[in-house]
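Enquirer: Dropping a structure here in C-alpha cells format, bear with me for questions.
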Amino acid sequence: MVFVWTMIALAFIDMDTQLLPDDITLPLLWGGLLINLGDGFTDIRSAIIGAVAGYLALWLVYWCYRLLTGREGMGYGDFKLLAAIGAWLGWQMLPLVILFSSLTGAVAGVGLMVIAKHERHVPIPFGPYLVGGSFVALFWGNQINRAYLDLF
C-alpha cells in the first residue's frame with residue numbers, strides 16, 4: 001500500500017506542479033530496495049538492477065533528445081521515479097512500464113492537442129503515465145510478461 005499511495009500522490013503532484021519532489025521519490029527508491037531485501041516483490045539483485053536501469057533508461061532518452069533538439073524533453077524527477085519503480089518491481093517490469101506509459105502518454109498528448117487544442121510547446125507531465133504503467137506492471141505484469149514470452 002505504501003508504494004500505491006505514494007505513486008498516486010506523485011501522479012497528482014506532477015499533474016499540478018510538473019515536479020516530482022526528491023523528498024518523495026528518493027525515499028520511495030530506498031524503500032523499494034529495503035522491501036526487496038526480504039524478496040518483497042522481487043529479489044534484491046533484480047531490484048538493484050531495476051533501480052539503475054530505470055534511471056539510466058530515461059536519462060539516455062533525455063540526453064539523446066537534448067542533443068538532437070537542443071531542448072529538454074523531460075525532467076530529472078522522471079528518471080528518479082522510474083528508478084524507484086525498478087527498485088520496487090525489478091528490472092523485468094521496466095520494459096512493460098516504459099511501453100505502457102509511453103503509449104498512453106502519446107495517445108493522451110495527441111488527444112489533448114486535437115480535442116483541447118493543447119499547444120505542442122506546452123509540456124505534459126510524464127509522471128502520471130509512469131504511475132499508470134507501474135500499476136499495470138504491479139497487478140498484471142507477470143501475466144503480461146509470461147504471455148509475451150510464450151509467443152516465442
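Residue names in the C-alpha cells use chain letters A, B, ... in the order shown, residue numbers from 1 in each chain, and ligand numbers from 1 in the order shown.
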For range 134-145 of chain A, list every protein, DNA or RNA residue within 9 Å, evaluated using only C-alpha atoms, and leave out those in the same chain fewer than 3 positions away; present the list as a list in words.
Expert: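 Counting only C-alpha atoms, the residues come to Val4, Met7, Phe41, Leu82, Ile85, Leu89, Gln92, Met93, Leu94, Leu96, Val97, Ile98, Phe100, Ser101, Tyr129, Leu130, Val131, Tyr148, Leu149 and Asp150 of chain A.
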Enquirer: Only N, CA and C atoms, please: the residues just picked out, written as a PDB file, in the first residue's frame.
Expert:
```pdb
ATOM      1  N   VAL A   4       1.665   2.075  -3.632  1.00  0.00           N
ATOM      2  CA  VAL A   4       0.494   2.551  -4.382  1.00  0.00           C
ATOM      3  C   VAL A   4       0.105   3.967  -3.968  1.00  0.00           C
ATOM      4  N   MET A   7       2.677   6.528  -5.072  1.00  0.00           N
ATOM      5  CA  MET A   7       2.613   6.733  -6.519  1.00  0.00           C
ATOM      6  C   MET A   7       1.411   7.601  -6.907  1.00  0.00           C
ATOM      7  N   PHE A  41       8.816  -7.950  -3.471  1.00  0.00           N
ATOM      8  CA  PHE A  41       8.184  -8.033  -4.780  1.00  0.00           C
ATOM      9  C   PHE A  41       9.074  -8.760  -5.776  1.00  0.00           C
ATOM     10  N   LEU A  82      11.241   6.421 -12.300  1.00  0.00           N
ATOM     11  CA  LEU A  82      11.412   5.110 -12.940  1.00  0.00           C
ATOM     12  C   LEU A  82      12.445   4.272 -12.187  1.00  0.00           C
ATOM     13  N   ILE A  85      10.493   2.804  -9.371  1.00  0.00           N
ATOM     14  CA  ILE A  85       9.634   1.724  -9.876  1.00  0.00           C
ATOM     15  C   ILE A  85      10.477   0.469 -10.090  1.00  0.00           C
ATOM     16  N   LEU A  89       9.725  -3.071  -8.328  1.00  0.00           N
ATOM     17  CA  LEU A  89       9.185  -4.160  -9.151  1.00  0.00           C
ATOM     18  C   LEU A  89      10.249  -5.005  -9.841  1.00  0.00           C
ATOM     19  N   GLN A  92      12.733  -6.610 -14.626  1.00  0.00           N
ATOM     20  CA  GLN A  92      11.912  -7.356 -15.578  1.00  0.00           C
ATOM     21  C   GLN A  92      10.628  -6.609 -15.942  1.00  0.00           C
ATOM     22  N   MET A  93      10.163  -5.732 -15.080  1.00  0.00           N
ATOM     23  CA  MET A  93       8.922  -4.998 -15.323  1.00  0.00           C
ATOM     24  C   MET A  93       9.148  -3.669 -16.043  1.00  0.00           C
ATOM     25  N   LEU A  94      10.382  -3.213 -16.132  1.00  0.00           N
ATOM     26  CA  LEU A  94      10.644  -1.903 -16.731  1.00  0.00           C
ATOM     27  C   LEU A  94      10.224  -1.793 -18.195  1.00  0.00           C
ATOM     28  N   LEU A  96       7.763  -3.192 -19.706  1.00  0.00           N
ATOM     29  CA  LEU A  96       6.312  -3.069 -19.690  1.00  0.00           C
ATOM     30  C   LEU A  96       5.890  -1.679 -19.212  1.00  0.00           C
ATOM     31  N   VAL A  97       6.511  -1.184 -18.161  1.00  0.00           N
ATOM     32  CA  VAL A  97       6.188   0.142 -17.628  1.00  0.00           C
ATOM     33  C   VAL A  97       6.475   1.214 -18.678  1.00  0.00           C
ATOM     34  N   ILE A  98       7.642   1.144 -19.298  1.00  0.00           N
ATOM     35  CA  ILE A  98       8.018   2.144 -20.296  1.00  0.00           C
ATOM     36  C   ILE A  98       7.091   2.074 -21.510  1.00  0.00           C
ATOM     37  N   PHE A 100       3.944   0.835 -21.746  1.00  0.00           N
ATOM     38  CA  PHE A 100       2.580   1.257 -21.422  1.00  0.00           C
ATOM     39  C   PHE A 100       2.518   2.758 -21.180  1.00  0.00           C
ATOM     40  N   SER A 101       3.461   3.302 -20.421  1.00  0.00           N
ATOM     41  CA  SER A 101       3.418   4.728 -20.118  1.00  0.00           C
ATOM     42  C   SER A 101       3.671   5.572 -21.370  1.00  0.00           C
ATOM     43  N   TYR A 129       1.789   9.017 -16.251  1.00  0.00           N
ATOM     44  CA  TYR A 129       1.811   7.869 -17.156  1.00  0.00           C
ATOM     45  C   TYR A 129       2.754   6.781 -16.642  1.00  0.00           C
ATOM     46  N   LEU A 130       3.874   7.201 -16.031  1.00  0.00           N
ATOM     47  CA  LEU A 130       4.758   6.225 -15.383  1.00  0.00           C
ATOM     48  C   LEU A 130       4.035   5.530 -14.228  1.00  0.00           C
ATOM     49  N   VAL A 131       3.257   6.290 -13.478  1.00  0.00           N
ATOM     50  CA  VAL A 131       2.478   5.706 -12.383  1.00  0.00           C
ATOM     51  C   VAL A 131       1.490   4.681 -12.939  1.00  0.00           C
ATOM     52  N   TYR A 148       3.662 -12.753 -23.268  1.00  0.00           N
ATOM     53  CA  TYR A 148       4.563 -12.272 -24.310  1.00  0.00           C
ATOM     54  C   TYR A 148       5.667 -13.285 -24.571  1.00  0.00           C
ATOM     55  N   LEU A 149       6.292 -13.803 -23.518  1.00  0.00           N
ATOM     56  CA  LEU A 149       7.386 -14.760 -23.692  1.00  0.00           C
ATOM     57  C   LEU A 149       6.919 -16.074 -24.271  1.00  0.00           C
ATOM     58  N   ASP A 150       5.661 -16.454 -23.999  1.00  0.00           N
ATOM     59  CA  ASP A 150       5.109 -17.681 -24.572  1.00  0.00           C
ATOM     60  C   ASP A 150       4.962 -17.598 -26.091  1.00  0.00           C
TER      61      ASP A 150
END
```
Enquirer: Can you tell me which residues surround range 59-64 of chain A at a distance of at most 9 Å, considering only C-alpha atoms, apart from same-chain residues fewer than 3 positions away, and format the answer as a list in words?
Expert: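 Final neighbour list, sorted by chain and number: Gly54, Tyr55, Leu56, Leu67, Leu68, Thr69, Glu72, Gly73, Met74, Gly75, Tyr76, Asp78 and Phe79 of chain A.
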Enquirer: So which one's closest to Thr42 in chain A, A:Leu81, A:Ala87, A:Leu19, A:Val2? Using only C-alpha atoms, please.
Expert: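 Among A:Leu81, A:Ala87, A:Leu19, A:Val2, it is A:Ala87 that comes nearest to Thr42 in chain A.
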Enquirer: Enter the distance from CA of Arg66 in chain A to CA of Ala106 in chain A, in Å, rounded to one decimal.
Expert: 18.8 Å
Enquirer: Enumerate as a compact mmCIF listing (two decimals) with N, CA and C atoms, in the first residue's frame all residues of chain A assigned to alpha helix (DSSP H) by DSSP on the backbone, naming them with the chain letters and numbers the document uses.
Expert:
```
# COMPACT_ATOMS: atom_id res chain seq x y z
N VAL A 2 2.02 1.21 0.64
CA VAL A 2 2.91 2.38 0.66
C VAL A 2 3.28 2.77 -0.77
N PHE A 3 3.64 1.78 -1.57
CA PHE A 3 4.00 2.04 -2.96
C PHE A 3 2.83 2.66 -3.72
N VAL A 4 1.66 2.08 -3.63
CA VAL A 4 0.49 2.55 -4.38
C VAL A 4 0.11 3.97 -3.97
N TRP A 5 -0.02 4.22 -2.67
CA TRP A 5 -0.43 5.54 -2.22
C TRP A 5 0.61 6.61 -2.54
N THR A 6 1.87 6.28 -2.44
CA THR A 6 2.92 7.24 -2.78
C THR A 6 2.89 7.54 -4.27
N MET A 7 2.68 6.53 -5.07
CA MET A 7 2.61 6.73 -6.52
C MET A 7 1.41 7.60 -6.91
N ILE A 8 0.28 7.38 -6.27
CA ILE A 8 -0.90 8.21 -6.55
C ILE A 8 -0.61 9.67 -6.19
N ALA A 9 0.01 9.88 -5.03
CA ALA A 9 0.36 11.24 -4.62
C ALA A 9 1.30 11.88 -5.63
N LEU A 10 2.31 11.15 -6.08
CA LEU A 10 3.25 11.68 -7.06
C LEU A 10 2.57 12.02 -8.38
N ALA A 11 1.62 11.21 -8.81
CA ALA A 11 0.91 11.50 -10.05
C ALA A 11 0.17 12.83 -9.95
N PHE A 12 -0.53 13.04 -8.85
CA PHE A 12 -1.27 14.29 -8.68
C PHE A 12 -0.34 15.49 -8.51
N ILE A 13 0.76 15.31 -7.80
CA ILE A 13 1.72 16.40 -7.65
C ILE A 13 2.30 16.78 -9.01
N ASP A 14 2.67 15.79 -9.81
CA ASP A 14 3.24 16.06 -11.13
C ASP A 14 2.23 16.73 -12.05
N MET A 15 0.98 16.30 -12.01
CA MET A 15 -0.05 16.94 -12.83
C MET A 15 -0.23 18.40 -12.43
N ASP A 16 -0.14 18.68 -11.15
CA ASP A 16 -0.39 20.02 -10.64
C ASP A 16 0.82 20.94 -10.81
N THR A 17 2.02 20.45 -10.54
CA THR A 17 3.21 21.30 -10.49
C THR A 17 4.26 21.00 -11.56
N ASP A 22 12.07 15.28 -4.88
CA ASP A 22 13.06 14.34 -4.35
C ASP A 22 12.68 13.86 -2.95
N ASP A 23 12.00 14.70 -2.19
CA ASP A 23 11.59 14.33 -0.83
C ASP A 23 10.65 13.13 -0.82
N ILE A 24 10.05 12.83 -1.97
CA ILE A 24 9.15 11.67 -2.07
C ILE A 24 9.79 10.57 -2.92
N THR A 25 10.37 10.94 -4.07
CA THR A 25 10.89 9.91 -4.98
C THR A 25 12.09 9.16 -4.41
N LEU A 26 12.99 9.88 -3.73
CA LEU A 26 14.18 9.20 -3.21
C LEU A 26 13.86 8.24 -2.06
N PRO A 27 13.02 8.62 -1.08
CA PRO A 27 12.63 7.62 -0.07
C PRO A 27 11.87 6.44 -0.69
N LEU A 28 11.10 6.71 -1.75
CA LEU A 28 10.40 5.62 -2.43
C LEU A 28 11.41 4.65 -3.05
N LEU A 29 12.46 5.19 -3.64
CA LEU A 29 13.53 4.37 -4.21
C LEU A 29 14.19 3.51 -3.14
N TRP A 30 14.60 4.14 -2.05
CA TRP A 30 15.26 3.40 -0.97
C TRP A 30 14.30 2.39 -0.33
N GLY A 31 13.03 2.77 -0.20
CA GLY A 31 12.04 1.84 0.36
C GLY A 31 11.89 0.59 -0.50
N GLY A 32 11.93 0.77 -1.81
CA GLY A 32 11.84 -0.37 -2.72
C GLY A 32 13.01 -1.32 -2.55
N LEU A 33 14.20 -0.74 -2.41
CA LEU A 33 15.38 -1.60 -2.19
C LEU A 33 15.29 -2.31 -0.85
N LEU A 34 14.86 -1.60 0.17
CA LEU A 34 14.76 -2.22 1.50
C LEU A 34 13.69 -3.32 1.55
N ILE A 35 12.54 -3.07 0.95
CA ILE A 35 11.46 -4.07 0.98
C ILE A 35 11.88 -5.34 0.23
N ILE A 44 16.56 -8.99 -4.46
CA ILE A 44 17.32 -7.75 -4.29
C ILE A 44 18.18 -7.45 -5.51
N ARG A 45 18.72 -8.47 -6.14
CA ARG A 45 19.53 -8.26 -7.35
C ARG A 45 18.70 -7.61 -8.45
N SER A 46 17.49 -8.11 -8.68
CA SER A 46 16.61 -7.52 -9.69
C SER A 46 16.19 -6.10 -9.32
N ALA A 47 16.04 -5.86 -8.01
CA ALA A 47 15.65 -4.52 -7.55
C ALA A 47 16.78 -3.51 -7.78
N ILE A 48 18.00 -3.91 -7.50
CA ILE A 48 19.14 -3.00 -7.71
C ILE A 48 19.33 -2.74 -9.19
N ILE A 49 19.30 -3.79 -9.99
CA ILE A 49 19.43 -3.61 -11.44
C ILE A 49 18.26 -2.77 -11.95
N GLY A 50 17.07 -2.99 -11.42
CA GLY A 50 15.90 -2.22 -11.82
C GLY A 50 16.05 -0.74 -11.51
N ALA A 51 16.60 -0.42 -10.36
CA ALA A 51 16.81 0.99 -9.99
C ALA A 51 17.80 1.66 -10.93
N VAL A 52 18.90 0.98 -11.19
CA VAL A 52 19.92 1.55 -12.07
C VAL A 52 19.39 1.64 -13.51
N ALA A 53 18.79 0.56 -14.00
CA ALA A 53 18.28 0.55 -15.37
C ALA A 53 17.15 1.55 -15.55
N GLY A 54 16.30 1.68 -14.55
CA GLY A 54 15.20 2.65 -14.65
C GLY A 54 15.72 4.06 -14.78
N TYR A 55 16.69 4.42 -13.96
CA TYR A 55 17.26 5.76 -14.03
C TYR A 55 17.95 5.97 -15.38
N LEU A 56 18.79 5.02 -15.77
CA LEU A 56 19.57 5.20 -16.99
C LEU A 56 18.72 5.19 -18.25
N ALA A 57 17.63 4.45 -18.26
CA ALA A 57 16.77 4.40 -19.45
C ALA A 57 16.25 5.79 -19.81
N LEU A 58 15.68 6.49 -18.85
CA LEU A 58 15.16 7.82 -19.14
C LEU A 58 16.25 8.87 -19.22
N TRP A 59 17.36 8.66 -18.53
CA TRP A 59 18.49 9.57 -18.63
C TRP A 59 19.03 9.56 -20.05
N LEU A 60 19.12 8.38 -20.66
CA LEU A 60 19.59 8.28 -22.05
C LEU A 60 18.62 8.93 -23.02
N VAL A 61 17.32 8.73 -22.81
CA VAL A 61 16.31 9.37 -23.66
C VAL A 61 16.43 10.89 -23.55
N TYR A 62 16.59 11.38 -22.32
CA TYR A 62 16.73 12.81 -22.07
C TYR A 62 17.90 13.38 -22.87
N TRP A 63 19.07 12.74 -22.75
CA TRP A 63 20.26 13.28 -23.40
C TRP A 63 20.22 13.13 -24.91
N CYS A 64 19.66 12.05 -25.42
CA CYS A 64 19.52 11.92 -26.87
C CYS A 64 18.61 13.01 -27.42
N TYR A 65 17.49 13.24 -26.76
CA TYR A 65 16.56 14.29 -27.18
C TYR A 65 17.23 15.66 -27.10
N ARG A 66 17.94 15.90 -26.03
CA ARG A 66 18.60 17.20 -25.85
C ARG A 66 19.68 17.43 -26.91
N LEU A 67 20.44 16.39 -27.24
CA LEU A 67 21.47 16.53 -28.27
C LEU A 67 20.86 16.76 -29.64
N LEU A 68 19.73 16.13 -29.92
CA LEU A 68 19.08 16.27 -31.23
C LEU A 68 18.33 17.59 -31.38
N THR A 69 17.71 18.07 -30.31
CA THR A 69 16.85 19.25 -30.42
C THR A 69 17.40 20.48 -29.73
N TYR A 76 14.32 15.61 -14.45
CA TYR A 76 15.10 14.61 -13.72
C TYR A 76 14.22 13.79 -12.78
N GLY A 77 13.10 14.33 -12.36
CA GLY A 77 12.19 13.58 -11.48
C GLY A 77 11.68 12.32 -12.14
N ASP A 78 11.49 12.36 -13.46
CA ASP A 78 11.04 11.18 -14.19
C ASP A 78 12.07 10.06 -14.11
N PHE A 79 13.37 10.41 -14.18
CA PHE A 79 14.43 9.40 -14.05
C PHE A 79 14.32 8.73 -12.69
N LYS A 80 14.18 9.58 -11.66
CA LYS A 80 14.16 9.06 -10.29
C LYS A 80 12.91 8.23 -10.02
N LEU A 81 11.79 8.64 -10.62
CA LEU A 81 10.56 7.86 -10.44
C LEU A 81 10.70 6.49 -11.08
N LEU A 82 11.24 6.42 -12.30
CA LEU A 82 11.41 5.11 -12.94
C LEU A 82 12.44 4.27 -12.19
N ALA A 83 13.45 4.90 -11.61
CA ALA A 83 14.40 4.17 -10.76
C ALA A 83 13.68 3.57 -9.56
N ALA A 84 12.79 4.34 -8.94
CA ALA A 84 12.03 3.84 -7.79
C ALA A 84 11.12 2.68 -8.21
N ILE A 85 10.49 2.80 -9.37
CA ILE A 85 9.63 1.72 -9.88
C ILE A 85 10.48 0.47 -10.09
N GLY A 86 11.65 0.63 -10.67
CA GLY A 86 12.56 -0.51 -10.87
C GLY A 86 13.00 -1.12 -9.55
N ALA A 87 13.21 -0.28 -8.54
CA ALA A 87 13.61 -0.80 -7.22
C ALA A 87 12.49 -1.61 -6.59
N TRP A 88 11.26 -1.22 -6.78
CA TRP A 88 10.12 -1.94 -6.20
C TRP A 88 9.77 -3.20 -6.99
N LEU A 89 9.72 -3.07 -8.33
CA LEU A 89 9.18 -4.16 -9.15
C LEU A 89 10.25 -5.00 -9.84
N LEU A 94 10.38 -3.21 -16.13
CA LEU A 94 10.64 -1.90 -16.73
C LEU A 94 10.22 -1.79 -18.19
N PRO A 95 10.49 -2.79 -19.06
CA PRO A 95 10.01 -2.64 -20.45
C PRO A 95 8.49 -2.46 -20.53
N LEU A 96 7.76 -3.19 -19.71
CA LEU A 96 6.31 -3.07 -19.69
C LEU A 96 5.89 -1.68 -19.21
N VAL A 97 6.51 -1.18 -18.16
CA VAL A 97 6.19 0.14 -17.63
C VAL A 97 6.48 1.21 -18.68
N ILE A 98 7.64 1.14 -19.30
CA ILE A 98 8.02 2.14 -20.30
C ILE A 98 7.09 2.07 -21.51
N LEU A 99 6.80 0.87 -21.99
CA LEU A 99 5.92 0.72 -23.14
C LEU A 99 4.53 1.26 -22.85
N PHE A 100 3.94 0.84 -21.75
CA PHE A 100 2.58 1.26 -21.42
C PHE A 100 2.52 2.76 -21.18
N SER A 101 3.46 3.30 -20.42
CA SER A 101 3.42 4.73 -20.12
C SER A 101 3.67 5.57 -21.37
N SER A 102 4.55 5.13 -22.24
CA SER A 102 4.82 5.86 -23.48
C SER A 102 3.62 5.85 -24.42
N LEU A 103 3.00 4.69 -24.56
CA LEU A 103 1.83 4.60 -25.44
C LEU A 103 0.67 5.45 -24.92
N THR A 104 0.36 5.34 -23.63
CA THR A 104 -0.75 6.12 -23.10
C THR A 104 -0.41 7.60 -23.08
N GLY A 105 0.84 7.96 -22.82
CA GLY A 105 1.24 9.36 -22.87
C GLY A 105 1.13 9.93 -24.26
N ALA A 106 1.51 9.16 -25.27
CA ALA A 106 1.41 9.63 -26.66
C ALA A 106 -0.05 9.80 -27.07
N VAL A 107 -0.88 8.83 -26.73
CA VAL A 107 -2.31 8.92 -27.07
C VAL A 107 -2.94 10.12 -26.36
N ALA A 108 -2.63 10.29 -25.08
CA ALA A 108 -3.18 11.42 -24.33
C ALA A 108 -2.67 12.74 -24.90
N GLY A 109 -1.40 12.81 -25.25
CA GLY A 109 -0.84 14.04 -25.81
C GLY A 109 -1.50 14.42 -27.13
N VAL A 110 -1.66 13.45 -28.01
CA VAL A 110 -2.33 13.72 -29.28
C VAL A 110 -3.79 14.10 -29.03
N GLY A 111 -4.43 13.39 -28.10
CA GLY A 111 -5.81 13.72 -27.76
C GLY A 111 -5.95 15.14 -27.22
N LEU A 112 -5.04 15.55 -26.37
CA LEU A 112 -5.07 16.91 -25.83
C LEU A 112 -4.88 17.95 -26.93
N MET A 113 -4.00 17.66 -27.87
CA MET A 113 -3.77 18.62 -28.96
C MET A 113 -4.98 18.71 -29.88
N VAL A 114 -5.62 17.57 -30.15
CA VAL A 114 -6.76 17.57 -31.08
C VAL A 114 -8.03 18.08 -30.41
N ILE A 115 -8.34 17.55 -29.25
CA ILE A 115 -9.62 17.86 -28.59
C ILE A 115 -9.55 19.18 -27.82
N GLY A 127 5.05 11.85 -15.38
CA GLY A 127 4.91 11.09 -14.15
C GLY A 127 3.61 10.30 -14.02
N PRO A 128 2.45 10.93 -14.30
CA PRO A 128 1.20 10.16 -14.19
C PRO A 128 1.15 8.93 -15.10
N TYR A 129 1.79 9.02 -16.25
CA TYR A 129 1.81 7.87 -17.16
C TYR A 129 2.75 6.78 -16.64
N LEU A 130 3.87 7.20 -16.03
CA LEU A 130 4.76 6.22 -15.38
C LEU A 130 4.04 5.53 -14.23
N VAL A 131 3.26 6.29 -13.48
CA VAL A 131 2.48 5.71 -12.38
C VAL A 131 1.49 4.68 -12.94
N GLY A 132 0.78 5.04 -13.99
CA GLY A 132 -0.17 4.10 -14.60
C GLY A 132 0.52 2.84 -15.10
N GLY A 133 1.67 3.02 -15.75
CA GLY A 133 2.43 1.87 -16.22
C GLY A 133 2.91 0.99 -15.09
N SER A 134 3.28 1.62 -13.98
CA SER A 134 3.74 0.83 -12.83
C SER A 134 2.58 0.03 -12.22
N PHE A 135 1.38 0.58 -12.25
CA PHE A 135 0.23 -0.16 -11.72
C PHE A 135 -0.12 -1.35 -12.61
N VAL A 136 -0.01 -1.17 -13.92
CA VAL A 136 -0.22 -2.30 -14.83
C VAL A 136 0.81 -3.39 -14.52
N ALA A 137 2.07 -2.98 -14.35
CA ALA A 137 3.13 -3.96 -14.06
C ALA A 137 2.93 -4.61 -12.70
N LEU A 138 2.51 -3.83 -11.71
CA LEU A 138 2.31 -4.37 -10.36
C LEU A 138 1.21 -5.42 -10.33
N PHE A 139 0.08 -5.12 -10.97
CA PHE A 139 -1.08 -6.01 -10.87
C PHE A 139 -1.14 -7.09 -11.95
N TRP A 140 -0.64 -6.79 -13.16
CA TRP A 140 -0.76 -7.76 -14.25
C TRP A 140 0.55 -8.04 -14.97
N GLY A 141 1.65 -7.50 -14.47
CA GLY A 141 2.93 -7.61 -15.16
C GLY A 141 3.41 -9.02 -15.39
N ASN A 142 3.31 -9.87 -14.37
CA ASN A 142 3.77 -11.26 -14.55
C ASN A 142 2.98 -11.98 -15.62
N GLN A 143 1.67 -11.80 -15.64
CA GLN A 143 0.84 -12.45 -16.65
C GLN A 143 1.14 -11.91 -18.05
N ILE A 144 1.32 -10.59 -18.17
CA ILE A 144 1.62 -10.00 -19.48
C ILE A 144 2.98 -10.46 -19.96
N ASN A 145 3.98 -10.43 -19.09
CA ASN A 145 5.32 -10.89 -19.49
C ASN A 145 5.31 -12.36 -19.88
N ARG A 146 4.59 -13.18 -19.10
CA ARG A 146 4.52 -14.60 -19.41
C ARG A 146 3.83 -14.83 -20.76
N ALA A 147 2.73 -14.14 -21.03
CA ALA A 147 2.03 -14.28 -22.31
C ALA A 147 2.92 -13.84 -23.47
N TYR A 148 3.66 -12.75 -23.27
CA TYR A 148 4.56 -12.27 -24.31
C TYR A 148 5.67 -13.28 -24.57
N LEU A 149 6.29 -13.80 -23.52
CA LEU A 149 7.39 -14.76 -23.69
C LEU A 149 6.92 -16.07 -24.27
N ASP A 150 5.66 -16.45 -24.00
CA ASP A 150 5.11 -17.68 -24.57
C ASP A 150 4.96 -17.60 -26.09
```
